[in-house]
Amino acid sequence: MVNMKAFLKLVRWQNLLIIALTMVMMRYCIIEPVISRINILPVSGGDEMIPLTLQLPWYDFIILVAATVMIAAAGYVINDYFDIKTDLLNRGEVIVGTKIPRRQAIMWHNILNIAGVAAGFYVSWKAGYFWLGILFLVVSGLLYFYSASYKRQFLIGNLVVSFLTAMVPLLVVIYEWPYLYRYCQLNAVNPPDLSVLFYWVGGFSVFAFLTNLAREIVKDIEDFEGDNAYGRNTLPVVTGILTSRIISASLVFLIIISLYLVWYFFINDLITLIYSTVAIALPLVYVIFRLLSSRRREQFHSASRMIKIVMLTGILYSVVVMIIIKGNLI
């Protein structure tokens, strides 16, 4: 009998919800408004321009989201499976081996991975690029090796998991693009340039990569005791906690500067400036203060939690984008 409460905690249901929310936001708050501003002259005749609409069927999009969520869930399961000893030392409790047997955890890892990869190959086939399903297979393998090996190596684990986080918003445009491209080739007199979609969504991906990398370093500072005891070569173990605090604070400062540079050169509207300052920049200033002044594990956890909140407000900026595009504010 599955302990549902323990299982939901094991797969980090809140994180899975954020993954699904991210993909939905990218589709309906970024891609749909952006392509609605792109007009095509149909080959069917007439002089009236028509706006582009989403072409990936909604039911295939749901399968894409499910595939991503299942593979992420499998990654969380195998992560806890390999981290029993360090989690006991760092947090004093574990799920795998207590509330959920180790054998059952491996079973769920396999089920979720197989279902996720199969769903990934299905949507890839429907998109006309069956080989794209390999992407889900590679991600599944990276998550396994991250838990089994990479997270014990200097910076490699941090970079791998940050890269995979950045892939979540990109997946939406990667699978929408083939449908849009084929539609434009068949129905437009002069097919438009769709690269603008990658610029918009790519901005969210870069933000996700940088914020997640900063958070991973802060989490490693939190887990210094257990990682050091079991010989893991994390950044704090190799360079020391002080150096890691400075590196993570510098990375957060880089994120803040990048926000305003992107606003100045590419967007330059008042709504974005206010939102970025209040919902992203000011909380990140608090994170820098925490990183440079904290000494206890609980204080670093507070900084980590704030970065996670900023990652959510960063995703919610997509709603602001939808408003400014549909309201012709930029």
# chains A, B, ... in the order shown; residues from 1 in each chain; ligands from 1
$ residues_around --residues "A:Lys5" --least-positions-apart "6" --cutoff "12 Å" --atoms "only C-alpha atoms" --output "list of chain:residue names"
A:Val11, A:Arg12, A:Trp13, A:Ile95, A:Lys99, A:Ile100
$ write_last_selection --atoms "C-alpha atoms" --output "mmCIF file, in the first residue's frame"
data_model
loop_
_atom_site.group_PDB
_atom_site.id
_atom_site.type_symbol
_atom_site.label_atom_id
_atom_site.label_comp_id
_atom_site.auth_asym_id
_atom_site.auth_seq_id
_atom_site.Cartn_x
_atom_site.Cartn_y
_atom_site.Cartn_z
ATOM 1 C CA VAL A 11 8.382 13.530 -5.586
ATOM 2 C CA ARG A 12 8.311 17.174 -4.370
ATOM 3 C CA TRP A 13 4.777 17.828 -5.577
ATOM 4 C CA ILE A 95 11.520 9.194 3.369
ATOM 5 C CA LYS A 99 8.062 5.668 5.048
ATOM 6 C CA ILE A 100 8.738 4.229 1.593
#
$ select_by_dssp --residues "stretch 104-272 of chain A" --states "alpha helix (DSSP H)" --output "PyMOL selection string"
chain A and resi 104-127+134-148+156-187+196-222+224-229+235-239+241-262+270-272
$ closest_residue --among "A:Pro33, A:Gly97, A:Pro169, A:Pro283" --to "A:Gly202" --atoms "only C-alpha atoms"
A:Pro169
$ residues_around --residues "A:Ser294" --least-positions-apart "2" --cutoff "12 Å" --atoms "only C-alpha atoms" --output "list in words"
Val218, Ile221, Glu222, Ile241, Leu242, Arg245, Ile246, Ala249, Tyr286, Val287, Ile288, Phe289, Arg290, Leu291, Leu292, Arg296, Arg297, Glu298, Gln299, Phe300, His301, Ser302, Ala303 and Ser304 of chain A
$ residues_around --residues "A:Val123" --least-positions-apart "5" --cutoff "8 Å" --atoms "only C-alpha atoms" --output "VMD selection string"
chain A and resid 60 63 to 64 133
$ residues_around --residues "A:Leu251" --least-positions-apart "5" --cutoff "12 Å" --atoms "only C-alpha atoms" --output "list in words"
Phe207, Phe209, Leu210, Thr211, Asn212, Leu213, Ala214, Arg215, Glu216, Ile217, Val218, Ser244, Arg245, Ile246, Ile256, Ile257, Ser258, Leu284, Val285, Val287, Ile288, Leu291 and Ile307 of chain A
$ closest_residue --among "A:Thr313, A:Asp220, A:Asn39, A:Tyr28" --to "A:Val189" --atoms "only C-alpha atoms"
A:Asn39
$ closest_residue --among "A:Val321, A:Lys308, A:Glu93, A:Ile30" --to "A:Gln14" --atoms "only C-alpha atoms"
A:Lys308
$ atom_distance --atom1 "atom CA of A:Ile35" --atom2 "atom CA of A:Ile50"
10.9 Å
